[in-house]
Each structure stands twice: as C-alpha cells, then as structure tokens.
file entry.cif (mmCIF, C-alpha atoms and all ligand atoms)
data_input
#
loop_
_atom_site.label_atom_id
_atom_site.label_comp_id
_atom_site.auth_asym_id
_atom_site.auth_seq_id
_atom_site.Cartn_x
_atom_site.Cartn_y
_atom_site.Cartn_z
CA MET A 17 -25.73 26.00 -18.81
CA PRO A 18 -27.13 26.48 -22.34
CA ALA A 19 -26.74 23.45 -24.61
CA ALA A 20 -24.76 25.63 -27.04
CA SER A 21 -21.70 25.82 -24.75
CA ARG A 22 -21.60 22.22 -23.58
CA ALA A 23 -20.65 19.92 -26.42
CA ALA A 24 -17.26 18.50 -27.31
CA SER A 25 -16.36 16.61 -30.48
CA SER A 26 -15.64 12.93 -30.25
CA THR A 27 -11.94 12.14 -30.62
CA GLU A 28 -12.86 9.57 -33.27
CA LEU A 29 -14.58 12.21 -35.40
CA LEU A 30 -11.64 14.59 -35.05
CA ALA A 31 -9.34 11.74 -36.12
CA ALA A 32 -11.54 11.06 -39.16
CA LEU A 33 -11.36 14.74 -40.14
CA ARG A 34 -7.58 14.80 -39.72
CA ARG A 35 -7.20 11.60 -41.80
CA ALA A 36 -9.24 13.18 -44.60
CA SER A 37 -7.02 16.31 -44.68
CA ASP A 38 -4.33 16.60 -47.37
CA ALA A 39 -0.58 16.26 -46.72
CA ASP A 40 -0.49 19.95 -45.88
CA GLY A 41 -3.29 19.53 -43.32
CA PHE A 42 -5.98 21.25 -45.41
CA LEU A 43 -9.53 19.89 -45.65
CA PRO A 44 -11.89 21.52 -48.19
CA PHE A 45 -15.11 22.66 -46.55
CA ASP A 46 -17.42 20.25 -48.37
CA ARG A 47 -15.41 17.29 -47.03
CA PHE A 48 -15.31 18.85 -43.56
CA GLU A 49 -19.09 19.28 -43.62
CA GLU A 50 -19.71 15.81 -45.00
CA ILE A 51 -17.73 14.15 -42.22
CA ALA A 52 -19.00 16.50 -39.48
CA LEU A 53 -22.63 15.81 -40.42
CA TYR A 54 -22.68 12.32 -41.92
CA GLU A 55 -19.71 10.24 -40.74
CA PRO A 56 -21.33 6.93 -39.74
CA ARG A 57 -22.07 6.80 -35.95
CA LEU A 58 -20.13 10.02 -35.32
CA GLY A 59 -21.48 12.80 -37.55
CA TYR A 60 -24.05 15.26 -36.25
CA TYR A 61 -27.01 13.58 -37.99
CA GLU A 62 -25.73 10.09 -37.23
CA ARG A 63 -25.20 10.35 -33.48
CA PRO A 64 -27.75 8.82 -31.13
CA GLY A 65 -28.12 12.22 -29.45
CA VAL A 66 -29.21 14.23 -32.52
CA ALA A 67 -32.27 16.27 -31.57
CA LEU A 68 -34.52 18.28 -33.85
CA GLY A 69 -37.49 20.35 -32.74
CA THR A 70 -38.07 22.90 -30.01
CA GLU A 71 -36.32 20.70 -27.43
CA GLY A 72 -33.40 20.04 -29.76
CA ASP A 73 -30.85 22.13 -31.64
CA PHE A 74 -33.08 23.71 -34.28
CA TYR A 75 -36.60 23.44 -35.57
CA THR A 76 -38.03 23.48 -39.05
CA ALA A 77 -41.46 24.67 -40.17
CA ALA A 78 -42.68 21.13 -39.56
CA HIS A 79 -42.01 21.59 -35.83
CA VAL A 80 -43.67 25.02 -35.61
CA HIS A 81 -47.21 23.70 -35.98
CA PRO A 82 -49.05 20.86 -37.77
CA LEU A 83 -50.70 23.58 -39.89
CA PHE A 84 -47.58 23.49 -42.03
CA ALA A 85 -47.87 19.76 -42.76
CA ALA A 86 -51.63 20.09 -43.22
CA THR A 87 -51.22 22.80 -45.84
CA LEU A 88 -48.53 20.84 -47.65
CA ALA A 89 -50.84 17.83 -47.53
CA THR A 90 -53.43 19.89 -49.45
CA ARG A 91 -50.84 20.40 -52.19
CA LEU A 92 -50.09 16.67 -52.24
CA LEU A 93 -53.77 15.79 -52.48
CA GLN A 94 -54.09 18.10 -55.51
CA GLU A 95 -51.32 16.11 -57.14
CA ARG A 96 -53.22 12.90 -56.47
CA GLU A 97 -56.19 14.29 -58.41
CA ARG A 98 -53.91 15.35 -61.24
CA ASN A 99 -52.35 11.92 -61.54
CA GLY A 100 -55.60 10.00 -61.26
CA ALA A 101 -57.14 9.16 -57.90
CA SER A 102 -57.25 5.42 -58.67
CA ALA A 103 -53.48 5.16 -59.19
CA THR A 104 -51.11 4.43 -56.31
CA PHE A 105 -50.47 7.71 -54.52
CA ARG A 106 -46.78 7.70 -53.80
CA ILE A 107 -45.08 10.35 -51.67
CA VAL A 108 -41.31 10.17 -51.36
CA GLU A 109 -40.11 12.29 -48.47
CA LEU A 110 -36.41 13.03 -48.62
CA GLY A 111 -34.71 13.63 -45.28
CA PRO A 112 -37.77 13.14 -43.05
CA GLY A 113 -35.59 13.62 -39.95
CA ASP A 114 -37.57 12.81 -36.79
CA GLY A 115 -40.79 12.14 -38.74
CA THR A 116 -42.68 15.26 -37.64
CA LEU A 117 -43.63 16.33 -41.17
CA ALA A 118 -44.65 12.80 -42.17
CA LEU A 119 -46.80 12.51 -39.07
CA GLY A 120 -48.64 15.75 -39.86
CA ILE A 121 -49.20 14.80 -43.49
CA LEU A 122 -50.41 11.31 -42.58
CA ASP A 123 -52.83 12.76 -40.01
CA VAL A 124 -54.49 14.72 -42.81
CA PHE A 125 -54.46 11.74 -45.14
CA SER A 126 -56.10 9.54 -42.53
CA ARG A 127 -58.98 12.03 -42.37
CA GLU A 128 -59.21 13.08 -46.01
CA LEU A 129 -58.16 10.16 -48.18
CA PRO A 130 -60.79 7.58 -49.06
CA ASP A 131 -60.26 4.24 -47.25
CA ASP A 132 -59.49 2.44 -50.49
CA ALA A 133 -56.84 4.95 -51.62
CA ARG A 134 -53.59 3.20 -52.46
CA LEU A 135 -51.10 5.24 -50.48
CA ASP A 136 -47.37 4.49 -50.54
CA TYR A 137 -45.44 6.88 -48.25
CA VAL A 138 -41.71 6.39 -48.65
CA LEU A 139 -39.14 7.74 -46.21
CA VAL A 140 -35.63 8.27 -47.60
CA GLU A 141 -33.50 9.06 -44.57
CA PRO A 142 -29.77 8.27 -44.68
CA SER A 143 -29.26 8.61 -40.92
CA PRO A 144 -30.12 5.29 -39.21
CA THR A 145 -30.66 7.17 -35.94
CA LEU A 146 -33.21 9.55 -37.46
CA ARG A 147 -34.78 6.79 -39.56
CA ASP A 148 -35.49 4.78 -36.40
CA ARG A 149 -36.77 7.85 -34.62
CA GLY A 150 -39.08 8.70 -37.53
CA LEU A 151 -40.47 5.16 -37.66
CA LYS A 152 -41.01 5.23 -33.91
CA ALA A 153 -42.94 8.50 -34.21
CA LEU A 154 -45.21 6.83 -36.78
CA ALA A 155 -45.45 3.45 -35.03
CA ASP A 156 -49.04 3.85 -33.78
CA HIS A 157 -50.37 5.80 -36.72
CA PRO A 158 -53.42 4.29 -38.44
CA LEU A 159 -51.63 4.62 -41.81
CA ARG A 160 -48.38 3.07 -40.55
CA ASP A 161 -48.80 0.07 -42.85
CA ARG A 162 -48.66 2.40 -45.87
CA VAL A 163 -45.28 3.82 -44.78
CA ARG A 164 -42.00 2.26 -45.78
CA VAL A 165 -38.34 3.10 -45.86
CA ALA A 166 -36.19 3.16 -49.02
CA ALA A 167 -32.44 3.48 -49.29
CA SER A 168 -32.71 6.11 -52.01
CA LEU A 169 -35.16 7.99 -54.15
CA GLY A 170 -34.56 5.69 -57.11
CA ALA A 171 -34.36 2.43 -55.15
CA ASP A 172 -37.51 1.08 -56.87
CA GLY A 173 -36.80 2.60 -60.29
CA PRO A 174 -38.80 5.31 -62.02
CA PHE A 175 -42.10 6.27 -60.35
CA VAL A 176 -45.19 8.46 -60.46
CA GLY A 177 -45.79 10.56 -57.37
CA VAL A 178 -44.61 13.53 -55.38
CA VAL A 179 -41.18 14.17 -53.88
CA VAL A 180 -41.03 16.39 -50.80
CA ALA A 181 -37.83 17.74 -49.25
CA ASN A 182 -37.98 20.23 -46.39
CA GLU A 183 -34.58 21.67 -45.42
CA VAL A 184 -32.64 18.89 -47.09
CA LEU A 185 -30.80 20.78 -49.84
CA ASP A 186 -29.19 23.19 -47.36
CA ALA A 187 -27.87 20.20 -45.42
CA GLN A 188 -25.92 18.93 -48.45
CA PRO A 189 -22.16 19.44 -48.24
CA ALA A 190 -21.16 22.63 -50.04
CA ARG A 191 -17.91 24.01 -51.40
CA ARG A 192 -16.95 27.46 -50.19
CA LEU A 193 -14.80 29.61 -52.47
CA VAL A 194 -13.21 32.97 -51.82
CA ARG A 195 -12.18 35.55 -54.41
CA ARG A 196 -8.48 36.44 -54.11
CA GLY A 197 -6.71 38.71 -56.60
CA GLY A 198 -9.25 37.99 -59.33
CA ALA A 199 -8.95 34.19 -58.88
CA TRP A 200 -10.59 31.67 -56.56
CA ALA A 201 -9.25 29.83 -53.53
CA GLU A 202 -10.95 26.99 -51.69
CA LEU A 203 -12.11 27.58 -48.13
CA GLY A 204 -11.90 24.77 -45.66
CA ALA A 205 -10.47 23.76 -42.33
CA ARG A 206 -7.07 23.00 -40.88
CA TRP A 207 -6.00 21.36 -37.61
CA ASN A 208 -3.87 23.84 -35.64
CA GLY A 209 -2.60 21.33 -33.13
CA GLU A 210 -5.54 21.80 -30.79
CA ARG A 211 -8.62 22.31 -32.93
CA PHE A 212 -9.89 22.91 -36.43
CA VAL A 213 -9.83 26.49 -37.69
CA GLU A 214 -11.00 28.06 -40.92
CA SER A 215 -8.32 28.05 -43.59
CA GLU A 216 -7.68 28.66 -47.29
CA GLY A 217 -6.22 26.08 -49.61
CA PRO A 218 -5.82 25.08 -53.23
CA LEU A 219 -8.94 24.53 -55.36
CA SER A 220 -10.27 21.01 -54.85
CA GLY A 221 -11.94 20.98 -58.28
CA PRO A 222 -12.96 23.24 -61.11
CA VAL A 223 -14.93 26.37 -60.23
CA PRO A 224 -18.32 25.53 -61.72
CA ASP A 225 -18.77 28.41 -64.18
CA ALA A 226 -18.71 32.16 -64.67
CA LEU A 227 -21.90 32.79 -62.69
CA PHE A 228 -19.90 34.53 -59.99
CA ALA A 229 -18.00 36.97 -62.20
CA ASP A 230 -19.47 39.80 -60.11
CA ALA A 231 -18.06 38.48 -56.84
CA PRO A 232 -16.14 41.23 -55.04
CA GLU A 233 -12.54 40.78 -53.88
CA GLY A 234 -12.62 38.78 -50.65
CA GLY A 235 -16.19 37.68 -51.38
CA VAL A 236 -17.23 34.15 -50.48
CA VAL A 237 -19.51 32.02 -52.64
CA GLU A 238 -20.95 28.64 -51.80
CA VAL A 239 -21.91 25.94 -54.26
CA SER A 240 -23.28 22.51 -53.57
CA PRO A 241 -22.90 20.08 -56.46
CA ARG A 242 -24.49 17.52 -54.08
CA ALA A 243 -27.68 19.59 -53.76
CA GLU A 244 -27.81 19.92 -57.55
CA ALA A 245 -27.21 16.17 -57.92
CA LEU A 246 -30.15 15.44 -55.62
CA VAL A 247 -32.44 17.51 -57.85
CA ARG A 248 -30.97 15.76 -60.87
CA GLU A 249 -31.75 12.41 -59.22
CA VAL A 250 -35.38 13.50 -58.91
CA SER A 251 -35.46 14.26 -62.62
CA ASP A 252 -33.95 10.85 -63.38
CA PHE A 253 -36.60 8.88 -61.46
CA LEU A 254 -39.76 10.98 -61.32
CA GLU A 255 -41.66 9.93 -64.46
CA ARG A 256 -44.79 11.92 -63.74
CA GLY A 257 -45.76 14.09 -60.80
CA ALA A 258 -44.24 16.89 -58.78
CA ALA A 259 -41.34 17.72 -56.51
CA VAL A 260 -41.45 20.33 -53.76
CA PHE A 261 -38.18 21.63 -52.32
CA LEU A 262 -38.42 24.00 -49.36
CA ASP A 263 -35.23 25.58 -48.13
CA TYR A 264 -33.13 28.47 -46.98
CA GLY A 265 -31.61 30.07 -50.06
CA ALA A 266 -31.67 32.80 -52.67
CA SER A 267 -30.69 33.61 -56.25
CA THR A 268 -27.01 33.58 -57.21
CA THR A 269 -26.91 37.37 -57.42
CA ASP A 270 -28.52 37.82 -54.02
CA LEU A 271 -26.05 35.39 -52.51
CA VAL A 272 -22.96 36.86 -54.14
CA LEU A 273 -23.83 40.50 -53.57
CA GLY A 274 -25.96 40.21 -50.43
CA HIS A 275 -23.90 37.71 -48.41
CA ARG A 276 -20.28 38.75 -48.97
CA HIS A 277 -19.01 36.46 -46.24
CA GLY A 278 -21.16 33.53 -47.27
CA THR A 279 -24.02 31.97 -45.36
CA LEU A 280 -22.41 29.17 -43.37
CA GLN A 281 -24.15 28.65 -40.06
CA ALA A 282 -23.58 26.28 -37.17
CA ILE A 283 -26.50 25.88 -34.79
CA ARG A 284 -26.70 24.14 -31.45
CA GLY A 285 -29.38 24.53 -28.81
CA HIS A 286 -31.10 27.17 -31.03
CA GLU A 287 -28.00 29.38 -30.86
CA VAL A 288 -25.89 30.38 -33.82
CA LEU A 289 -22.30 29.49 -32.89
CA THR A 290 -19.63 32.11 -33.44
CA ASP A 291 -17.17 29.49 -34.73
CA PRO A 292 -18.61 26.82 -37.04
CA PHE A 293 -15.29 24.94 -36.96
CA ALA A 294 -15.21 24.41 -33.21
CA ASP A 295 -16.49 21.04 -31.99
CA PRO A 296 -17.48 19.47 -35.34
CA GLY A 297 -20.17 16.82 -35.09
CA THR A 298 -21.92 18.57 -32.22
CA ALA A 299 -23.80 21.22 -34.21
CA ASP A 300 -25.83 21.42 -37.37
CA LEU A 301 -24.02 23.03 -40.31
CA SER A 302 -25.79 24.53 -43.29
CA VAL A 303 -25.31 26.96 -46.15
CA PHE A 304 -28.03 28.66 -48.16
CA VAL A 305 -29.11 26.94 -51.35
CA ASP A 306 -28.25 28.68 -54.60
CA PHE A 307 -31.71 28.36 -56.12
CA ASP A 308 -30.58 29.53 -59.58
CA ARG A 309 -28.20 26.61 -59.77
CA VAL A 310 -30.78 24.17 -58.43
CA ARG A 311 -33.38 25.45 -60.90
CA ALA A 312 -30.88 25.09 -63.74
CA ALA A 313 -30.16 21.49 -62.66
CA ALA A 314 -33.92 20.81 -62.70
CA ARG A 315 -34.28 22.31 -66.19
CA ARG A 316 -31.34 20.30 -67.49
CA GLY A 317 -33.03 17.17 -66.13
CA GLY A 318 -36.25 18.02 -67.99
CA LEU A 319 -38.33 19.12 -64.98
CA ARG A 320 -40.71 22.03 -65.49
CA GLU A 321 -40.87 24.81 -62.94
CA ARG A 322 -44.32 25.47 -61.62
CA ALA A 323 -43.42 28.06 -58.99
CA CYS A 324 -40.54 29.44 -57.00
CA SER A 325 -41.72 31.69 -54.21
CA SER A 326 -41.49 32.60 -50.56
CA GLN A 327 -42.88 30.12 -48.04
CA ALA A 328 -45.74 32.54 -47.28
CA GLU A 329 -46.78 32.67 -50.93
CA ALA A 330 -46.52 28.91 -51.29
CA LEU A 331 -48.61 28.22 -48.18
CA VAL A 332 -51.29 30.70 -49.24
CA ARG A 333 -51.31 29.18 -52.74
CA TRP A 334 -51.87 25.74 -51.20
CA GLY A 335 -54.82 26.76 -49.02
CA PHE A 336 -53.27 27.94 -45.75
CA GLU A 337 -56.11 30.34 -44.95
CA GLU A 338 -58.71 27.60 -45.14
CA ARG A 339 -56.64 25.26 -42.98
CA LEU A 340 -56.09 28.06 -40.45
CA ARG A 341 -59.79 28.96 -40.35
CA ALA A 342 -60.72 25.33 -39.75
CA ALA A 343 -58.12 24.98 -36.98
CA VAL A 344 -59.23 28.25 -35.31
CA ALA A 345 -62.85 27.07 -35.35
CA LYS A 346 -61.76 23.98 -33.40
CA ALA A 347 -59.43 25.75 -30.92
CA PRO A 348 -60.60 24.61 -27.48
CA THR A 349 -59.70 27.83 -25.59
CA PRO A 350 -58.95 31.47 -26.41
CA GLU A 351 -55.36 30.79 -25.38
CA ALA A 352 -55.13 27.91 -27.85
CA GLU A 353 -56.45 30.22 -30.56
CA VAL A 354 -53.79 32.84 -29.80
CA ARG A 355 -51.08 30.15 -29.92
CA LEU A 356 -52.41 28.97 -33.26
CA ARG A 357 -52.39 32.47 -34.71
CA LEU A 358 -48.84 33.06 -33.46
CA ALA A 359 -47.71 29.80 -35.07
CA ALA A 360 -49.45 30.85 -38.30
CA LYS A 361 -47.60 34.17 -38.21
CA ASN A 362 -44.30 32.36 -37.70
CA LEU A 363 -44.97 29.99 -40.60
CA LEU A 364 -45.87 32.87 -42.92
CA PHE A 365 -43.33 35.49 -41.88
CA GLY A 366 -40.73 33.77 -39.68
CA PHE A 367 -38.96 32.00 -42.53
CA GLY A 368 -37.10 34.82 -44.26
CA ASN A 369 -34.49 33.79 -46.83
CA PHE A 370 -36.62 30.75 -47.47
CA LEU A 371 -37.84 29.63 -50.90
CA VAL A 372 -40.22 26.96 -52.10
CA LEU A 373 -39.52 25.44 -55.51
CA GLU A 374 -42.28 23.40 -57.16
CA LEU A 375 -41.28 21.25 -60.11
CA GLU A 376 -43.27 19.01 -62.42
CA ALA A 377 -42.42 15.95 -64.46
CA GLY A 378 -44.29 14.15 -67.22
CA PRO A 379 -46.84 15.33 -69.75
CA THR A 380 -48.46 18.72 -69.17
CA THR A 381 -52.09 18.50 -68.04
C1 LIG A 401 -32.37 19.84 -41.51
S1 LIG A 401 -32.87 18.19 -41.41
C2 LIG A 401 -34.57 18.36 -41.95
C3 LIG A 401 -35.49 17.30 -41.38
C4 LIG A 401 -36.96 17.36 -41.81
N1 LIG A 401 -37.11 17.40 -43.24
C5 LIG A 401 -37.72 18.51 -41.18
O1 LIG A 401 -38.25 19.34 -41.90
O2 LIG A 401 -37.79 18.55 -39.95
C6 LIG A 401 -32.06 17.48 -42.83
C7 LIG A 401 -32.38 16.02 -43.05
O3 LIG A 401 -31.94 15.61 -44.36
C8 LIG A 401 -31.33 14.34 -44.26
N2 LIG A 401 -30.49 14.16 -45.48
C9 LIG A 401 -29.25 14.60 -45.69
N3 LIG A 401 -28.82 14.23 -46.92
C10 LIG A 401 -29.83 13.57 -47.51
C11 LIG A 401 -30.00 12.94 -48.77
N4 LIG A 401 -29.03 12.94 -49.70
N5 LIG A 401 -31.18 12.32 -49.04
C12 LIG A 401 -32.16 12.31 -48.12
N6 LIG A 401 -32.05 12.89 -46.89
C13 LIG A 401 -30.90 13.51 -46.59
C14 LIG A 401 -30.61 14.42 -42.93
O4 LIG A 401 -30.21 13.15 -42.45
C15 LIG A 401 -31.69 15.08 -42.07
O5 LIG A 401 -32.63 14.17 -41.61
#
call {"tool": "encode", "arguments": {"input": "entry.cif", "output": "structure tokens"}}
result
Amino acid sequence: MPAASRAASSTELLAALRRASDADGFLPFDRFEEIALYEPRLGYYERPGVALGTEGDFYTAAHVHPLFAATLATRLLQERERNGASATFRIVELGPGDGTLALGILDVFSRELPDDARLDYVLVEPSPTLRDRGLKALADHPLRDRVRVAASLGADGPFVGVVVANEVLDAQPARRLVRRGGAWAELGARWNGERFVESEGPLSGPVPDALFADAPEGGVVEVSPRAEALVREVSDFLERGAAVFLDYGASTTDLVLGHRHGTLQAIRGHEVLTDPFADPGTADLSVFVDFDRVRAAARRGGLRERACSSQAEALVRWGFEERLRAAVAKAPTPEAEVRLRLAAKNLLFGFGNFLVLELEAGPTT
C-alpha cells in the first residue's frame, strides 16, 4: 500500500486542533498549519517518524544530489573571501532538517577550507526530532567539532556570516484569504464531527495591505507574516554578510493571477494529497512564498538584494558547471555518469516555481 494512503492523525493532535478552534468551531488556516506541523511531539515535523528524502515523504534539492550542496558551498566560500578569510567563518543554516545539506556543504569545506580556517557552522532547527537526526548524520564528519546547535538565529546576538535557508519559508504557517463580494474572508478548517474540513470564517486579523486589489472574486491569496518575520530577524542580527533563501514561490501578481485557488499542498509519500485537511500531522503542508512581500521585508530591515532568480540561474551563477565537470571526471562508471547528469538536469530544471533570493548586509564592498 502506498505510504500516502496509510496514515491517521493522532487523537491528541486532533484534540489540540479542536481546542484551538473558536467557539463556532473555526480554526484559521495559519493556526491549523502551525499545530499540524509544529505541535510539540505531535506535529508533522515533531514526530519521531518524520522522514525527508527519497525514502520519506518529499525531497528537497539537497536530497537530489550532493552537487547542489557543493555548488552552494562555492557561494559560501566566496562570502568568506569577501568578509576576510582570517575572520571566523560562520554559517547559520535555518531549518537544516535531516542534515543532508549541511553534510554536503561540510564535505566541500573539509576538502577546500584551509586547516586553520575558523569555521562555525550553526544549525537552527526547531524540531528536536530533526535536530537529533541532523546531528547523527554529522556525527562522524571530520568537521563535526565546528558544528553546533543554536535555539535561534539571534541566540548569540549580532553576527558576521552567511544565513542559508532551503525550503524553510514555505514551511512557515500562512494565512489564506478568499475574496468574497469585494471583501476578504479567512480560510481555515472546521471539525465536522468526524474530521477537519476546509471552511470559511471571520478575518483573524487585518488584511496586510492593498497588494491584492487585483484578486478576482473567489480568488485565494496566501500571506505568511511568519515568513516575513524570519527575514526580518535575519536583518536584525546579520551585521555583515549574506543570506540565501531558496524556496517555492513567485511574485504577488503571479500568485494572485496565476494561482486562483492558492498554492496549498499536502504531501505524503511523494504524493500530493487531494485533501490537505484530512489526517493533519501526517503530511507536510506548504504554501508558496510571496517573494515580493519577503523582498519588501528584507528592504525594510536594511538588507540589500543581490539577486532573485530561478534555481538554475543561481546554481550557474555559483559555479555549477565547474562542479558538474569535476564530478563527471570522477564518475567511476558510465552508469554513474548518466545518473549524475540526470541529477544535474533535475537540479537545474526540476524545480519550477522555485526562486533563490540573495541578500546582503553591512557595508558595500
Ligand atoms: C521542508 S523542510 C527543509 C529541510 C532542509 N532545509 C532541506 O533542504 O532538506 C523545513 C524545515 O524547516 C524547519 N523550520 C520550520 N520553521 C523554522 C524556523 N522558524 N526556523 C528554522 N527552521 C524552521 C522545519 O523544522 C524543517 O526542518
């Protein structure tokens, strides 16, 4: 039986969702998502069983091939040069998940950083389950002693370095709003006596601004103040350096006009579920990032935008071709070479609706 049709929500998680609902039984979507993904011990990312990667529910570019991490590592090494190679080289990875990306980056660093480089690789992972899994994945790595865990990006105060976040913004709880008779209603969930179903309710807060004036009747828009706050947090603590956000998303206009029903997706066992409200806590939930709003949050926080592009453009900009050539030259068999080229194709062209935002902080150089 495929994993997608097997799971059932824990009764405790369902109870937590019902407790969070208002007197009329309505739960705004951002609260539903927050509990379904992050409720301690019970939420999707918090459960012992959470599984990323090809064997799990979904994979990210980090799981496709180490070429992705290697190319990103090239970008990080450029930043080290820019900030002065003798300074501590701090990388703060937000949402490292199972540690696959960190492992790939550290592999490159162990080969390409001088022995005396002062590396400080910081994992900021709110899920204790994934944090343990990430640390386990790195346990035998030669650079393990340069890796540490922090409770938040700003736990040690302002810093110089690079922040990396792959598929973290789209995992932030988002509000979903629907246009009704020229006004907005909140989308969320409601318990129907047996299960949660999609429902409309009163607005849970102000509608952010007039960006969505073009939204058609019945159109759904999604906004994540939490994703914007995460970018704002970067601007608060990153004194000098760069931040790289890689995520599913688009501009406001593309989202409003190109995704009339919104972008909410529930994924389990690599299958998109037809009902994202069925069996909360057993599937990943995400909505596309509104990159215009995230970019505006970065600007307000004083971060400069260096680039905002497709993943293919970003990888090529960072030296993908050279990394690929080097890997092909070392491929042990023709079959391994074909696999490598297929993975390269997937990394370049398999991530549609994906953007890479590069931000800078500190004096211009
Ligand atoms: C879709 S997974 C991506 C994992 C990993 N970056 C990768 O590329 O495989 C999202 C991750 O972000 C983490 N996360 C969610 N909210 C976060 C936050 N506010 N700060 C840091 N990590 C967060 C989740 O626990 C999860 O590990």
call {"tool": "atom_distance", "arguments": {"input": "entry.cif", "atom1": "CA of Asp46 (chain A)", "atom2": "CA of His277 (chain A)"}}
result
16.4 Å
call {"tool": "atom_distance", "arguments": {"input": "entry.cif", "atom1": "CA of Gly235 (chain A)", "atom2": "CA of Pro296 (chain A)"}}
result
24.3 Å
call {"tool": "residues_near_ligand", "arguments": {"input": "entry.cif", "ligand": "ligand LIG 401 (chain A)", "cutoff": "6 Å", "atoms": "all atoms listed in the file", "output": "ChimeraX atom specification"}}
result
/A:61,76,78,110-113,140-143,182-184,187-188
call {"tool": "residues_around", "arguments": {"input": "entry.cif", "residues": "Ala294 (chain A)", "least_positions_apart": "5", "cutoff": "9 Å", "atoms": "only C-alpha atoms", "output": "compact mmCIF listing (two decimals) with C-alpha atoms, keeping the file's coordinate frame"}}
result
# COMPACT_ATOMS: atom_id res chain seq x y z
CA ALA A 24 -17.26 18.50 -27.31
CA SER A 25 -16.36 16.61 -30.48
CA ARG A 211 -8.62 22.31 -32.93
CA PHE A 212 -9.89 22.91 -36.43
CA VAL A 213 -9.83 26.49 -37.69
CA LEU A 289 -22.30 29.49 -32.89
call {"tool": "atom_distance", "arguments": {"input": "entry.cif", "atom1": "CA of Asp156 (chain A)", "atom2": "CA of Gln94 (chain A)"}}
result
26.5 Å
call {"tool": "residues_around", "arguments": {"input": "entry.cif", "residues": "Glu216 (chain A)", "least_positions_apart": "4", "cutoff": "12 Å", "atoms": "only C-alpha atoms", "output": "ChimeraX atom specification"}}
result
/A:40-45,191-196,200-206,220,234,236
call {"tool": "closest_residue", "arguments": {"input": "entry.cif", "among": "A:Glu321, A:Glu50, A:Glu109, A:Asp38", "to": "Ser251 (chain A)", "atoms": "only C-alpha atoms"}}
result
A:Glu321
call {"tool": "decode", "arguments": {"input": "entry.cif", "residues": "region 294-314 of chain A", "atoms": "N, CA and C atoms", "output": "CSV table (one decimal), in the first residue's frame"}}
result
chain,number,residue,atom,x,y,z
A,294,ALA,N,-7.4,16.4,5.6
A,294,ALA,CA,-7.5,15.0,6.2
A,294,ALA,C,-6.2,14.6,6.9
A,295,ASP,N,-6.4,14.0,8.0
A,295,ASP,CA,-5.2,13.4,8.7
A,295,ASP,C,-4.1,14.4,9.0
A,296,PRO,N,-4.4,15.6,9.6
A,296,PRO,CA,-3.3,16.6,9.9
A,296,PRO,C,-2.2,15.9,10.8
A,297,GLY,N,-1.0,16.4,10.6
A,297,GLY,CA,0.1,15.9,11.3
A,297,GLY,C,0.8,14.7,10.7
A,298,THR,N,0.2,14.2,9.6
A,298,THR,CA,0.7,13.0,8.9
A,298,THR,C,1.3,13.4,7.5
A,299,ALA,N,1.2,14.6,7.2
A,299,ALA,CA,1.7,15.1,5.8
A,299,ALA,C,2.3,16.4,6.0
A,300,ASP,N,3.2,16.7,5.1
A,300,ASP,CA,3.8,18.0,5.0
A,300,ASP,C,2.8,19.0,4.4
A,301,LEU,N,2.7,20.2,5.0
A,301,LEU,CA,1.9,21.2,4.4
A,301,LEU,C,2.8,22.4,4.0
A,302,SER,N,2.5,23.0,2.8
A,302,SER,CA,3.3,24.2,2.4
A,302,SER,C,2.4,25.1,1.5
A,303,VAL,N,2.8,26.4,1.5
A,303,VAL,CA,2.2,27.3,0.5
A,303,VAL,C,3.4,28.0,-0.1
A,304,PHE,N,3.2,28.4,-1.3
A,304,PHE,CA,4.3,29.2,-2.0
A,304,PHE,C,4.6,30.5,-1.2
A,305,VAL,N,5.8,30.9,-1.3
A,305,VAL,CA,6.3,32.1,-0.7
A,305,VAL,C,5.9,33.3,-1.6
A,306,ASP,N,5.4,34.3,-1.0
A,306,ASP,CA,5.2,35.6,-1.8
A,306,ASP,C,6.5,36.3,-1.8
A,307,PHE,N,7.3,36.2,-2.8
A,307,PHE,CA,8.6,36.8,-2.8
A,307,PHE,C,8.6,38.3,-2.8
A,308,ASP,N,7.6,38.9,-3.3
A,308,ASP,CA,7.5,40.4,-3.3
A,308,ASP,C,7.5,40.8,-1.8
A,309,ARG,N,6.6,40.1,-1.0
A,309,ARG,CA,6.5,40.5,0.4
A,309,ARG,C,7.8,40.2,1.2
A,310,VAL,N,8.4,39.1,0.9
A,310,VAL,CA,9.6,38.8,1.6
A,310,VAL,C,10.7,39.8,1.2
A,311,ARG,N,10.8,40.2,-0.1
A,311,ARG,CA,11.8,41.1,-0.5
A,311,ARG,C,11.5,42.5,0.1
A,312,ALA,N,10.3,42.8,0.3
A,312,ALA,CA,9.9,44.1,0.9
A,312,ALA,C,10.3,44.1,2.4
A,313,ALA,N,10.1,42.9,3.0
A,313,ALA,CA,10.5,42.8,4.5
A,313,ALA,C,12.0,42.9,4.6
A,314,ALA,N,12.8,42.4,3.6
A,314,ALA,CA,14.2,42.5,3.7
A,314,ALA,C,14.7,43.9,3.5
